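Report on the following structure.
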2 protein chains.
Amino acid sequence: MEKEIIYNPHVSVDCVVFGFDGEKLKVLLIERTIDEQNELYNDKKLPGSIILAEEDLDDAASRVLNELTGLKNIYLSQFRSFGGPDRTKDPRDILWLENTMQLKIGRIVTVAYVALIKIDRKLQVLRDNTQVNWYDLNELSGMHLAFDHAEIIRKGLEYIRHNLDIEPHLLFELLPRKFTLSQLRALYDTVHETRSDVRNFQKKVAQWPYVVALEEMEKGVPHRAARLYKYKK
Amino acid sequence: MEKEIIYNPHVSVDCVVFGFDGEKLKVLLIERTIDEQNELYNDKKLPGSIILAEEDLDDAASRVLNELTGLKNIYLSQFRSFGGPDRTKDPRDILWLENTMQLKIGRIVTVAYVALIKIDRKLQVLRDNTQVNWYDLNELSGMHLAFDHAEIIRKGLEYIRHNLDIEPHLLFELLPRKFTLSQLRALYDTVHETRSDVRNFQKKVAQWPYVVALEEMEKGVPHRAARLYKYKK
DNA sequence: TTATTTTATTGTAATTTATACAATAAGTAA
DNA sequence: TTACTTATTGTATAAATTACAATAAAATAA
């Protein structure tokens with residue numbers, strides 16, 4: 001006999017998942033469709049949902065991310081909670097909540113998590129009617145995002161910028177397993193909003209013991225191939 | 001006619017307030033007394049409480065801190081939420097919650113804030129039966145703290161250590177308005193867990209434009225008086 | 001008064017780290 | 001062979017960090 005699923009409709013988790021396409025940072029959003037008086041609206045939102053009654057916050061974040069994107073074993077860091085009483089006041093958001101959750105929903109405080117993942121990880125939709133996709137951070141300004149998700153993304157970005165200074169290791173979550181120093185530099189400059197000098201950057205990396213050169217070279221590029229490197233804890 | 005006060009019994013805020021006594025970091029705790037079958041237990045807890053139904057998290061933190069300690073205009077930073085389903089399972093904690101709140105309480109997710117304040121600020125108890133006091137961080141290990149407040153304090157300390165590297169300005173919240181360089185150095189070394197060299201430290205401070213020397217000297221010390229400095233944004 | 005005690009204040013040399021700057025090498029494509 | 005594109009590498013200078021100890025100033029005790 002199955003255990004009944006009991007939700008805690010007062011608290012949710014949301015996951016801000018970043019990826020890097022070689023040039024820009026991208027964020028993972030899912031599509032939601034709202035049937036408002038037989039008019040279909042199309043929206044984007046962060047992967048997130050209310051938590052279960054007897055579930056830890058970290059567990060909820062992993063579970064919800066998996067259910068909505070298929071991603072497993074993702075390192076999620078809680079970075080902030082959002083709880084303005086008005087964040088669940090938009091009629092469209094209320095409609096969607098009550099349709100999907102089948103619950104009367106009042107105010108929801110959400111606990112937000114960030115993750116950095118390789119952009120080529122397979123995404124599989126586990127629920128009908130949802131699409132998962134990567135979006136450019138610039139595109140977002142012209143997009144309608146659910147709830148206060150635009151703000152959550154902004155704060156999440158702030159958080160990783162802040163924390164990659166202290167934990168450079170996290171950077172490598174965003175790169176392919178084998179990468180060139182150009183790719184690493186492009187990523188580094190993107191998150192730090194800098195334009196570092198090639199020579200100085202290579203000197204800096206040479207001092208990072210966790211970046212090791214491989215014998216292998218890049219392939220299929222229409223110019224001189226670069227050496228590949230890997231990250232070693 | 002007074003507005004009825006409606007609580008949101010699913011979410012609380014807790015404030016970790018640090019002070020510096022010249023040697024050590026201290027944390028502000030309030031006393032709680034529990035009447036368990038006519039036996040009185042004495043406990044310590046962080047200033048915190050459940051939020052109101054229509055109240056922003058930041059507002060709740062300010063309000064609750066003020067109600068429990070009399071402190072006003074405190075700069076509070078949200079640093080983490082705690083939501084393990086077991087955090088409100090201790091019978092003594094449940095008893096206390098139901099007595100003070102006059103509500104059936106289930107699981108509570110708490111949003112934690114930190115603040116740094118001058119240790120000589122006046123604390124006034126605004127509710128009967130509560131005492132507010134500074135406690136040494138070392139003392140805590142031998143003390144029974146409510147809920148998961150020991151963990152919250154630990155994480156709060158981690159957070160400020162982490163953040164004072166980036167925002168040295170926050171340090172001055174912990175010092176008197178006029179301070180000596182010895183005091184500043186003692187504080188600096190305490191939060192960074194270092195023992196910095198006197199000369200090198202003075203050189204470092206000389207480069208901080210926001211630390212300015214006053215004409216005034218320290219008074220009432222049984223040895224050579226040191227120059228006083230102040231912080232200027 | 002003088003000596004003693006305590007803390008405050010200050011400089012220099014050596015090392016490490018960060019910055020500015022451009023020429024050559026190795027491939028691909030025409 | 002040439003043109004094109006990106007990869008790779010070194011040196012000089014400036015800035016920041018570290019190591020290290022003697023003297024000055026005030027209060028107290030003799």
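The chains in the structure tokens are called A, B, ... from first to last as shown; in each chain the residues are counted from 1, and the ligands are counted from 1 in the order shown.
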- Message: Taking only C-alpha atoms (C1' of nucleotides) into account, find every residue of chain D that has an atom no more than 6 Å from chain B, and write it out as JSON, numbers by chain.
- Response: {"D": [25, 26, 27]}
With only C-alpha atoms (C1' of nucleotides) counted and 6 Å as the cut-off, give the residues of chain C in contact with chain A, each with its shortest interatomic distance in Å and the pair that gives it, as CSV.
residue,atom,partner,partner_atom,distance
C:DA26,C1',A:Arg224,CA,5.4
C:DG27,C1',A:Arg224,CA,3.7
C:DT28,C1',A:His223,CA,5.0
- Message: With only C-alpha atoms considered, list every residue of chain A at most 10 Å from chain B, as an MDAnalysis selection string.
- Response: chainID A and resid 8:11 52:59 78:87 106:112 162:163 166
- Return the single residue from C:DA30, C:DA3, C:DA14, C:DC21 that is closest to DT2 of chain D, with distances computed using only C-alpha atoms (C1' of nucleotides).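 Selected residue with least distance to DT2 of chain D: C:DA30.
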- Run DSSP on the backbone of this structure and report the residues of segment 57-187 of chain A it assigns to helix (DSSP H, G or I), as a VMD selection string. chain A and resid 57 to 69 91 to 101 139 to 142 149 to 164 168 to 173 181 to 187
- Query: Please, which residues of segment 1-230 of chain A, numbered as in this document, come out strand (DSSP E) from DSSP, as a PyMOL selection string?
  - Reply: chain A and resi 7-20+25-36+39-45+48-52+77-82+109-116+132-136+178-179+211-217+227-230
Create the file for the chosen residues now, containing C-alpha atoms and written as a PDB file, in the first residue's frame.
ATOM      1  CA  TYR A   7       2.520  18.481   1.368  1.00  0.00           C
ATOM      2  CA  ASN A   8       3.571  21.440   3.460  1.00  0.00           C
ATOM      3  CA  PRO A   9       1.937  24.200   1.408  1.00  0.00           C
ATOM      4  CA  HIS A  10       3.615  27.010   3.339  1.00  0.00           C
ATOM      5  CA  VAL A  11       7.184  26.430   2.264  1.00  0.00           C
ATOM      6  CA  SER A  12       8.711  25.734  -1.121  1.00  0.00           C
ATOM      7  CA  VAL A  13      12.137  25.259  -2.646  1.00  0.00           C
ATOM      8  CA  ASP A  14      13.397  26.748  -5.910  1.00  0.00           C
ATOM      9  CA  CYS A  15      16.535  25.790  -7.791  1.00  0.00           C
ATOM     10  CA  VAL A  16      18.606  28.223  -9.814  1.00  0.00           C
ATOM     11  CA  VAL A  17      20.731  26.005 -12.049  1.00  0.00           C
ATOM     12  CA  PHE A  18      23.484  27.672 -14.055  1.00  0.00           C
ATOM     13  CA  GLY A  19      25.305  26.348 -17.075  1.00  0.00           C
ATOM     14  CA  PHE A  20      28.006  27.780 -19.353  1.00  0.00           C
ATOM     15  CA  LEU A  25      26.022  31.868 -18.387  1.00  0.00           C
ATOM     16  CA  LYS A  26      22.635  30.274 -18.828  1.00  0.00           C
ATOM     17  CA  VAL A  27      19.904  29.341 -16.432  1.00  0.00           C
ATOM     18  CA  LEU A  28      17.539  26.401 -16.475  1.00  0.00           C
ATOM     19  CA  LEU A  29      13.837  27.228 -16.628  1.00  0.00           C
ATOM     20  CA  ILE A  30      10.745  25.128 -17.102  1.00  0.00           C
ATOM     21  CA  GLU A  31       7.717  26.105 -19.052  1.00  0.00           C
ATOM     22  CA  ARG A  32       4.341  26.348 -17.452  1.00  0.00           C
ATOM     23  CA  THR A  33       1.027  26.693 -19.212  1.00  0.00           C
ATOM     24  CA  ILE A  34      -1.888  28.376 -17.538  1.00  0.00           C
ATOM     25  CA  ASP A  35      -5.456  27.944 -18.665  1.00  0.00           C
ATOM     26  CA  GLU A  36      -7.046  31.256 -17.737  1.00  0.00           C
ATOM     27  CA  GLU A  39      -6.926  31.279 -22.885  1.00  0.00           C
ATOM     28  CA  LEU A  40      -3.587  29.508 -22.701  1.00  0.00           C
ATOM     29  CA  TYR A  41      -0.729  31.534 -21.301  1.00  0.00           C
ATOM     30  CA  ASN A  42       2.833  30.432 -21.565  1.00  0.00           C
ATOM     31  CA  ASP A  43       5.264  31.281 -18.861  1.00  0.00           C
ATOM     32  CA  LYS A  44       8.667  30.323 -17.551  1.00  0.00           C
ATOM     33  CA  LYS A  45       9.588  29.473 -14.006  1.00  0.00           C
ATOM     34  CA  GLY A  48      10.669  24.404  -7.725  1.00  0.00           C
ATOM     35  CA  SER A  49       7.724  23.261  -5.690  1.00  0.00           C
ATOM     36  CA  ILE A  50       6.282  23.112  -2.212  1.00  0.00           C
ATOM     37  CA  ILE A  51       7.955  20.700   0.170  1.00  0.00           C
ATOM     38  CA  LEU A  52       6.581  17.570   1.753  1.00  0.00           C
ATOM     39  CA  SER A  77      23.672  25.152  -2.139  1.00  0.00           C
ATOM     40  CA  GLN A  78      20.993  26.962  -0.239  1.00  0.00           C
ATOM     41  CA  PHE A  79      21.631  30.676  -0.654  1.00  0.00           C
ATOM     42  CA  ARG A  80      18.595  32.644   0.480  1.00  0.00           C
ATOM     43  CA  SER A  81      14.925  32.585   1.364  1.00  0.00           C
ATOM     44  CA  PHE A  82      12.253  34.793  -0.120  1.00  0.00           C
ATOM     45  CA  VAL A 109       8.022  31.252   1.768  1.00  0.00           C
ATOM     46  CA  THR A 110      10.539  29.790  -0.635  1.00  0.00           C
ATOM     47  CA  VAL A 111      14.039  28.591   0.105  1.00  0.00           C
ATOM     48  CA  ALA A 112      16.290  29.062  -2.909  1.00  0.00           C
ATOM     49  CA  TYR A 113      19.217  26.902  -3.985  1.00  0.00           C
ATOM     50  CA  VAL A 114      21.870  27.317  -6.662  1.00  0.00           C
ATOM     51  CA  ALA A 115      23.714  24.685  -8.627  1.00  0.00           C
ATOM     52  CA  LEU A 116      26.327  24.749 -11.369  1.00  0.00           C
ATOM     53  CA  VAL A 132      13.064  22.291 -19.652  1.00  0.00           C
ATOM     54  CA  ASN A 133      15.478  24.646 -21.393  1.00  0.00           C
ATOM     55  CA  TRP A 134      18.533  26.771 -20.988  1.00  0.00           C
ATOM     56  CA  TYR A 135      18.042  30.527 -21.226  1.00  0.00           C
ATOM     57  CA  ASP A 136      20.498  33.318 -21.640  1.00  0.00           C
ATOM     58  CA  LYS A 178      38.231  17.990 -20.584  1.00  0.00           C
ATOM     59  CA  PHE A 179      38.620  21.641 -21.364  1.00  0.00           C
ATOM     60  CA  VAL A 211      44.174  21.881 -12.986  1.00  0.00           C
ATOM     61  CA  VAL A 212      46.262  19.252 -14.721  1.00  0.00           C
ATOM     62  CA  ALA A 213      47.402  19.108 -18.330  1.00  0.00           C
ATOM     63  CA  LEU A 214      46.533  16.065 -20.413  1.00  0.00           C
ATOM     64  CA  GLU A 215      48.511  14.603 -23.306  1.00  0.00           C
ATOM     65  CA  GLU A 216      45.419  15.033 -25.432  1.00  0.00           C
ATOM     66  CA  MET A 217      44.707  17.872 -27.823  1.00  0.00           C
ATOM     67  CA  ARG A 227      45.904  21.353 -25.160  1.00  0.00           C
ATOM     68  CA  LEU A 228      43.211  19.795 -23.026  1.00  0.00           C
ATOM     69  CA  TYR A 229      43.193  19.979 -19.241  1.00  0.00           C
ATOM     70  CA  LYS A 230      41.177  18.325 -16.554  1.00  0.00           C
TER      71      LYS A 230
END
- Message: With distances taken over only C-alpha atoms (C1' of nucleotides), which residue among A:Thr180, A:Gln37, A:Gln124, A:Ser196 lies nearest DA7 of chain D?
- Response: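 Going through A:Thr180, A:Gln37, A:Gln124, A:Ser196 one by one, the smallest distance to DA7 of chain D is for A:Thr180.
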- Quick one: distance from atom CA of Pro176 of chain A to atom CA of Asp120 of chain A in Å, one decimal?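 Straight-line distance from atom CA of Pro176 of chain A to atom CA of Asp120 of chain A works out to 8.1 Å.
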- Message: Rounded to one decimal, what separation in Å do you get between atom CA of Val64 of chain A and atom CA of Pro47 of chain A?
- Response: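 Rounded to one decimal, the two atoms are 7.1 Å apart.
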